[in-house]
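J.: Contents of protein.tsv (TSV, C-alpha atoms and all ligand atoms):
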chain	number	residue	atom	x	y	z
A	1378	MET	CA	-25.55	-28.77	14.28
A	1379	SER	CA	-27.01	-25.68	15.98
A	1380	SER	CA	-27.42	-22.52	13.94
A	1381	THR	CA	-24.64	-20.88	16.01
A	1382	GLU	CA	-22.29	-23.78	15.23
A	1383	GLU	CA	-23.31	-23.59	11.58
A	1384	PHE	CA	-22.63	-19.85	11.58
A	1385	GLU	CA	-19.18	-20.34	13.14
A	1386	ARG	CA	-18.35	-23.11	10.66
A	1387	LEU	CA	-19.30	-20.90	7.72
A	1388	LEU	CA	-17.47	-17.91	9.21
A	1389	ASP	CA	-14.30	-20.02	9.55
A	1390	ALA	CA	-14.59	-21.00	5.88
A	1391	ALA	CA	-15.19	-17.38	4.84
A	1392	VAL	CA	-12.20	-16.13	6.86
A	1393	ALA	CA	-9.99	-18.87	5.37
A	1394	PHE	CA	-11.01	-17.81	1.84
A	1395	HIS	CA	-10.91	-14.06	2.45
A	1396	GLY	CA	-7.68	-14.02	4.44
A	1397	HIS	CA	-8.75	-12.16	7.56
A	1398	VAL	CA	-11.65	-11.83	9.96
A	1399	CYS	CA	-13.55	-8.57	9.58
A	1400	GLY	CA	-17.00	-7.11	9.91
A	1401	GLY	CA	-17.58	-7.82	6.24
A	1402	GLN	CA	-17.09	-11.56	6.79
A	1403	ILE	CA	-19.59	-11.63	9.65
A	1404	ILE	CA	-22.16	-9.54	7.77
A	1405	GLY	CA	-21.59	-11.46	4.54
A	1406	VAL	CA	-22.08	-14.83	6.26
A	1407	ARG	CA	-25.27	-13.51	7.86
A	1408	ILE	CA	-26.55	-12.20	4.51
A	1409	GLY	CA	-25.65	-15.47	2.77
A	1410	MET	CA	-27.34	-17.61	5.43
A	1411	ALA	CA	-30.45	-15.39	5.38
A	1412	GLY	CA	-30.59	-15.58	1.58
A	1413	LEU	CA	-30.42	-19.38	1.57
A	1414	ARG	CA	-33.04	-19.58	4.31
A	1415	GLU	CA	-35.41	-17.22	2.46
A	1416	LEU	CA	-35.14	-19.28	-0.73
A	1417	GLY	CA	-35.48	-22.55	1.20
A	1418	ILE	CA	-32.08	-23.77	-0.04
A	1419	THR	CA	-30.59	-26.37	2.33
A	1420	ASP	CA	-27.97	-27.99	0.09
A	1421	PRO	CA	-26.38	-25.08	-1.80
A	1422	ARG	CA	-23.23	-26.93	-2.84
A	1423	GLY	CA	-24.97	-30.21	-3.68
A	1424	ARG	CA	-28.27	-31.04	-5.32
A	1425	GLU	CA	-29.54	-27.42	-5.19
A	1426	ARG	CA	-26.36	-25.81	-6.50
A	1427	LYS	CA	-27.95	-24.92	-9.84
A	1428	ASP	CA	-31.26	-23.78	-8.37
A	1429	PHE	CA	-30.29	-20.23	-7.45
A	1430	ILE	CA	-28.11	-17.27	-8.27
A	1431	ALA	CA	-27.29	-14.06	-6.42
A	1432	PHE	CA	-26.51	-10.45	-7.23
A	1433	VAL	CA	-24.20	-8.69	-4.79
A	1434	GLU	CA	-23.98	-4.91	-4.78
A	1435	THR	CA	-20.43	-4.42	-3.50
A	1436	ASP	CA	-16.97	-5.63	-4.46
A	1437	ARG	CA	-15.80	-5.43	-0.86
A	1438	CYS	CA	-15.22	-8.01	1.93
A	1439	ALA	CA	-18.81	-9.27	2.30
A	1440	THR	CA	-18.84	-10.54	-1.28
A	1441	ASP	CA	-16.20	-13.17	-0.42
A	1442	ALA	CA	-18.30	-14.36	2.52
A	1443	ILE	CA	-21.45	-14.61	0.41
A	1444	LEU	CA	-19.45	-16.60	-2.14
A	1445	THR	CA	-18.18	-19.08	0.47
A	1446	VAL	CA	-21.56	-19.54	2.16
A	1447	THR	CA	-23.50	-20.07	-1.06
A	1448	GLY	CA	-20.92	-21.72	-3.31
A	1449	LEU	CA	-21.96	-19.27	-6.04
A	1450	THR	CA	-19.14	-17.81	-8.12
A	1451	PRO	CA	-18.72	-15.12	-10.80
A	1452	GLY	CA	-17.02	-17.62	-13.11
A	1453	LYS	CA	-20.07	-19.86	-13.04
A	1454	ARG	CA	-22.25	-16.80	-13.71
A	1455	SER	CA	-24.13	-17.65	-10.54
A	1456	LEU	CA	-22.75	-14.71	-8.55
A	1457	LYS	CA	-23.18	-11.34	-10.26
A	1458	ILE	CA	-21.10	-8.52	-8.81
A	1459	LEU	CA	-22.65	-5.09	-9.31
A	1460	ASP	CA	-20.30	-2.48	-7.92
A	1461	TYR	CA	-22.85	-0.11	-6.40
A	1462	GLY	CA	-20.87	0.21	-3.18
A	1463	LYS	CA	-23.81	-1.10	-1.17
A	1464	MET	CA	-23.95	-3.84	1.45
A	1465	ALA	CA	-26.80	-5.70	-0.22
A	1466	ALA	CA	-27.50	-8.86	-2.17
A	1467	THR	CA	-30.45	-10.35	-4.01
A	1468	PHE	CA	-30.99	-14.11	-4.12
A	1469	VAL	CA	-33.03	-15.58	-6.96
A	1470	HIS	CA	-34.58	-19.06	-6.87
A	1471	LEU	CA	-34.48	-20.17	-10.51
A	1472	PRO	CA	-37.17	-22.92	-10.51
A	1473	SER	CA	-39.79	-20.65	-8.91
A	1474	GLY	CA	-38.52	-17.21	-9.93
A	1475	ARG	CA	-38.82	-16.00	-6.33
A	1476	ALA	CA	-36.31	-13.34	-5.38
A	1477	VAL	CA	-35.32	-11.73	-2.09
A	1478	ARG	CA	-33.18	-8.63	-1.63
A	1479	ILE	CA	-31.33	-8.24	1.65
A	1480	HIS	CA	-29.59	-5.04	2.68
A	1481	VAL	CA	-27.77	-3.86	5.77
A	1482	LEU	CA	-29.78	-1.27	7.68
A	1483	LYS	CA	-28.08	2.09	8.13
A	1484	SER	CA	-29.20	2.11	11.79
A	1485	SER	CA	-27.43	-1.22	12.41
A	1486	MET	CA	-23.98	0.33	12.74
A	1487	GLU	CA	-25.03	2.51	15.65
A	1488	LYS	CA	-26.82	-0.43	17.30
A	1489	ALA	CA	-23.74	-2.60	16.83
A	1490	SER	CA	-21.52	0.09	18.41
A	1491	GLU	CA	-23.91	0.35	21.35
A	1492	LEU	CA	-23.86	-3.42	21.82
A	1493	ALA	CA	-20.06	-3.46	21.51
A	1494	ARG	CA	-19.78	-0.90	24.31
A	1495	LYS	CA	-21.96	-3.13	26.50
A	1496	LEU	CA	-19.84	-6.19	25.71
A	1497	ASN	CA	-16.61	-4.34	26.41
A	1498	PRO	CA	-16.79	-0.79	27.75
A	1499	GLY	CA	-13.10	-0.44	26.87
A	1500	GLY	CA	-13.94	-0.87	23.20
A	1501	GLY	CA	-11.76	-2.80	20.79
A	1502	LYS	CA	-12.14	-4.74	17.55
A	1503	ASP	CA	-13.13	-8.04	19.20
A	1504	ALA	CA	-16.14	-6.42	20.88
A	1505	GLU	CA	-17.17	-4.80	17.59
A	1506	LEU	CA	-17.01	-8.13	15.75
A	1507	GLN	CA	-18.85	-9.93	18.55
A	1508	ALA	CA	-21.57	-7.28	18.42
A	1509	LEU	CA	-22.04	-7.87	14.68
A	1510	LYS	CA	-22.50	-11.57	15.47
A	1511	GLU	CA	-24.97	-10.96	18.28
A	1512	LEU	CA	-27.05	-8.14	16.81
A	1513	SER	CA	-30.53	-9.44	16.01
A	1514	GLU	CA	-31.31	-9.97	12.34
A	1515	GLU	CA	-34.12	-7.39	12.55
A	1516	ASP	CA	-31.58	-4.83	13.77
A	1517	LEU	CA	-29.00	-5.74	11.13
A	1518	LEU	CA	-30.81	-6.62	7.91
A	1519	ALA	CA	-33.86	-5.72	5.86
A	1520	VAL	CA	-35.30	-8.60	3.85
A	1521	LYS	CA	-37.74	-7.89	1.01
A	1522	GLU	CA	-39.33	-9.92	-1.77
A	1523	VAL	CA	-38.42	-8.41	-5.16
A	1524	VAL	CA	-38.82	-9.27	-8.83
A	1525	VAL	CA	-35.71	-9.89	-10.93
A	1526	HIS	CA	-36.03	-10.14	-14.67
A	1527	LEU	CA	-33.51	-12.61	-16.06
A	1528	GLU	CA	-32.80	-13.26	-19.74
A	1529	PRO	CA	-31.33	-16.54	-21.04
A	1530	CYS	CA	-28.12	-14.59	-21.77
A	1531	ASP	CA	-27.76	-13.86	-18.02
A	1532	LEU	CA	-27.87	-17.49	-16.90
A	1533	PRO	CA	-25.19	-20.14	-16.38
A	1534	GLY	CA	-24.55	-22.42	-19.35
A	1535	VAL	CA	-22.99	-22.11	-22.80
A	1536	PRO	CA	-22.98	-18.62	-24.35
A	1537	VAL	CA	-26.26	-17.90	-26.10
A	1538	ARG	CA	-24.53	-15.78	-28.74
A	1539	ILE	CA	-21.08	-14.52	-29.70
A	1540	ALA	CA	-20.75	-11.21	-31.55
A	1541	THR	CA	-17.67	-9.42	-32.87
A	1542	CYS	CA	-17.07	-5.73	-32.20
A	1543	SER	CA	-16.72	-3.84	-35.47
A	1544	SER	CA	-14.28	-1.39	-33.86
A	1545	CYS	CA	-11.79	-3.40	-31.75
A	1546	GLY	CA	-12.42	-6.76	-33.42
A	1547	GLU	CA	-12.74	-8.58	-30.11
A	1548	GLN	CA	-15.47	-11.11	-29.42
A	1549	VAL	CA	-18.38	-10.27	-27.13
A	1550	LEU	CA	-20.35	-13.07	-25.45
A	1551	ASP	CA	-23.93	-13.30	-24.24
A	1552	ASN	CA	-25.61	-10.32	-25.93
A	1553	ARG	CA	-23.37	-7.81	-24.18
A	1554	ASP	CA	-22.75	-6.14	-27.56
A	1555	ILE	CA	-24.50	-2.95	-28.63
A	1556	VAL	CA	-25.73	-2.13	-32.13
A	1557	VAL	CA	-25.35	1.51	-33.24
A	1558	ASP	CA	-26.41	2.54	-36.75
A	1559	GLY	CA	-26.38	-1.09	-37.83
A	1560	ASN	CA	-22.84	-1.73	-36.52
A	1561	THR	CA	-22.07	-4.06	-33.62
A	1562	TYR	CA	-19.79	-2.82	-30.86
A	1563	CYS	CA	-18.53	-3.94	-27.48
A	1564	LYS	CA	-19.75	-1.68	-24.67
A	1565	PRO	CA	-16.51	0.34	-24.29
A	1566	CYS	CA	-16.20	0.95	-28.02
A	1567	ALA	CA	-19.87	1.94	-28.23
A	1568	SER	CA	-19.55	4.43	-25.38
A	1569	GLY	CA	-15.97	5.50	-25.98
A	1570	GLN	CA	-15.37	4.95	-22.27
A	1571	PHE	CA	-12.56	2.54	-21.42
A	1572	TYR	CA	-11.35	1.76	-17.89
A	1573	TYR	CA	-7.82	1.62	-19.35
A	1574	SER	CA	-5.84	3.62	-21.85
A	1575	PRO	CA	-3.02	2.30	-24.05
A	1576	SER	CA	0.38	2.55	-22.37
A	1577	GLU	CA	2.82	5.02	-23.85
A	1578	GLY	CA	4.96	3.49	-26.56
A	1579	SER	CA	2.37	0.83	-27.29
A	1580	VAL	CA	2.09	0.04	-30.99
A	1581	GLN	CA	-1.67	0.13	-30.65
A	1582	SER	CA	-1.70	3.51	-28.97
A	1583	THR	CA	-1.86	5.36	-32.25
A	1584	CYS	CA	-4.60	3.26	-33.75
A	1585	ASN	CA	-7.98	2.13	-32.58
A	1586	HIS	CA	-8.80	0.20	-35.71
A	1587	VAL	CA	-9.31	-3.49	-36.26
A	1588	ARG	CA	-5.70	-4.62	-36.77
A	1589	GLU	CA	-6.35	-6.99	-39.64
A	1590	GLN	CA	-8.06	-4.26	-41.61
A	1591	CYS	CA	-5.85	-1.33	-40.82
A	1592	ASN	CA	-2.87	-0.30	-42.99
A	1593	GLU	CA	-1.40	1.82	-40.20
A	1594	CYS	CA	-1.30	-1.14	-37.79
A	1595	ALA	CA	-0.22	-3.81	-40.27
B	1601	ZN	ZN	-12.26	-8.11	4.98
B	1602	ZN	ZN	-14.76	-3.02	-29.23
In structure tokens, what does this structure look like?
T.:
Amino acid sequence: MSSTEEFERLLDAAVAFHGHVCGGQIIGVRIGMAGLRELGITDPRGRERKDFIAFVETDRCATDAILTVTGLTPGKRSLKILDYGKMAATFVHLPSGRAVRIHVLKSSMEKASELARKLNPGGGKDAELQALKELSEEDLLAVKEVVVHLEPCDLPGVPVRIATCSSCGEQVLDNRDIVVDGNTYCKPCASGQFYYSPSEGSVQSTCNHVREQCNECA
């Protein structure tokens, strides 16, 4: 299979998973393919499926394409999603420790627009997508060797440790707990910053305590 056929096959799979074709699918497939190539991974879903992990730096479209190309998933702890809002991903080869970060060049968008105008002076989405396919890798992506420090608690496998938050009483896996003044907390309890707040009328809204230990809640 030629690399163009391989690209189209992977793009079809990404589009089927993601639900629509978009620039993010094309860029994500290109990042995923480049990451596998840089690590020397040729059988990502078979015998080499446990040999690598990736960090992606966006929760947008391209993440789905990187997931479909590599077979890595958040639930297997092999795909780490860091919501930095950046079109970038780092691929780590676990047996060797080699790591490569790939990011989309800022200048690539202008070059893609220029190419799209050449492909179809009238403009249009198809020309823009085709341009993202045809843009050279040097014009689209920067590829750099990096060092990624991984702890056992970051890797796939059974949880290395389970702690209990002394404030909310919920369990915290994999050393994600924080100890303050000798007490163990989950990250939101330790910082006091929650992405949610109790809904109005909720029984728990008046009390932040561990339910089993709290007279107000019981
Ligand atoms: Zn999309
Ligand atoms: Zn807590």
J.: For a quick check of understanding, using all atoms listed in the file, which of A:Thr1541, A:Thr1440, A:Thr1445, A:Gln1570 has the smallest distance to A:Gly1400?
T.: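 With all atoms listed in the file as the atom set, the closest residue is A:Thr1440.
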J.: Using all atoms listed in the file, which residues have at least one atom no more than 9 Å from ligand ZN 1601 (chain B)? Output them as a ChimeraX atom specification.
T.: /A:1392,1395-1402,1437-1439,1441
J.: Please check which residues have atoms at most 9 Å from (-21.2, -19.3, 0.3) in the file's coordinates, counting only C-alpha atoms, and write them as a list in words.
T.: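 Residues with an atom close enough to that point: Leu1387, Ala1390, Ala1391, Gly1405, Val1406, Gly1409, Met1410, Pro1421, Arg1422, Asp1441, Ala1442, Ile1443, Leu1444, Thr1445, Val1446, Thr1447, Gly1448, Leu1449 and Thr1450 of chain A.
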J.: Which residues of chain A come within 7 Å of ligand ZN 1602 (chain B), and what is each one's closest atom pair and distance in Å (one decimal), counting all atoms listed in the file, sorted by chain and residue number, as a Markdown table?
T.:
| residue | atom | partner | partner_atom | distance |
| --- | --- | --- | --- | --- |
| A:Cys1542 | CA | B:ZN1602 | ZN | 4.6 |
| A:Ser1543 | CA | B:ZN1602 | ZN | 6.6 |
| A:Ser1544 | CA | B:ZN1602 | ZN | 4.9 |
| A:Cys1545 | CA | B:ZN1602 | ZN | 3.9 |
| A:Gly1546 | CA | B:ZN1602 | ZN | 6.1 |
| A:Glu1547 | CA | B:ZN1602 | ZN | 6.0 |
| A:Tyr1562 | CA | B:ZN1602 | ZN | 5.3 |
| A:Cys1563 | CA | B:ZN1602 | ZN | 4.3 |
| A:Lys1564 | CA | B:ZN1602 | ZN | 6.9 |
| A:Pro1565 | CA | B:ZN1602 | ZN | 6.2 |
| A:Cys1566 | CA | B:ZN1602 | ZN | 4.4 |
J.: Between atom CA of A:Glu1383 and atom CA of A:Leu1416, what distance in Å does the model show, to one decimal?
T.: 17.6 Å
J.: Restricting the calculation to all atoms listed in the file, which member of A:Leu1512, A:Phe1384, A:Thr1467, A:Asn1552 is positioned closest to A:Val1537?
T.: A:Asn1552
J.: Do you know which residues are at most 6 Å from stretch 1430-1432 of chain A counting all atoms listed in the file, after dropping those on the same chain fewer than 5 positions away, and could you put them as a PyMOL selection string?
T.: chain A and resi 1455-1458+1466-1469
J.: Using atom CA of A:Lys1502 and atom CA of A:Leu1413 as the two end points, give the distance in Å to one decimal.
T.: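 Rounded to one decimal, the two atoms are 28.4 Å apart.
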J.: Between A:Leu1471, A:Ile1403, A:Tyr1572, A:Ser1485, single out the one closest to A:Val1524, counting only C-alpha atoms.
T.: A:Leu1471
J.: Any idea what the distance is between atom CA of A:Ala1411 and atom CA of A:Ala1393?
T.: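 It comes out at 20.8 Å.
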J.: With only C-alpha atoms as the counted atoms, please give the residues lying no more than 8 Å from A:Lys1510, apart from itself and same-chain residues fewer than 3 positions off, as a list in words.
T.: Ile1403, Ile1404, Leu1506 and Gln1507 of chain A
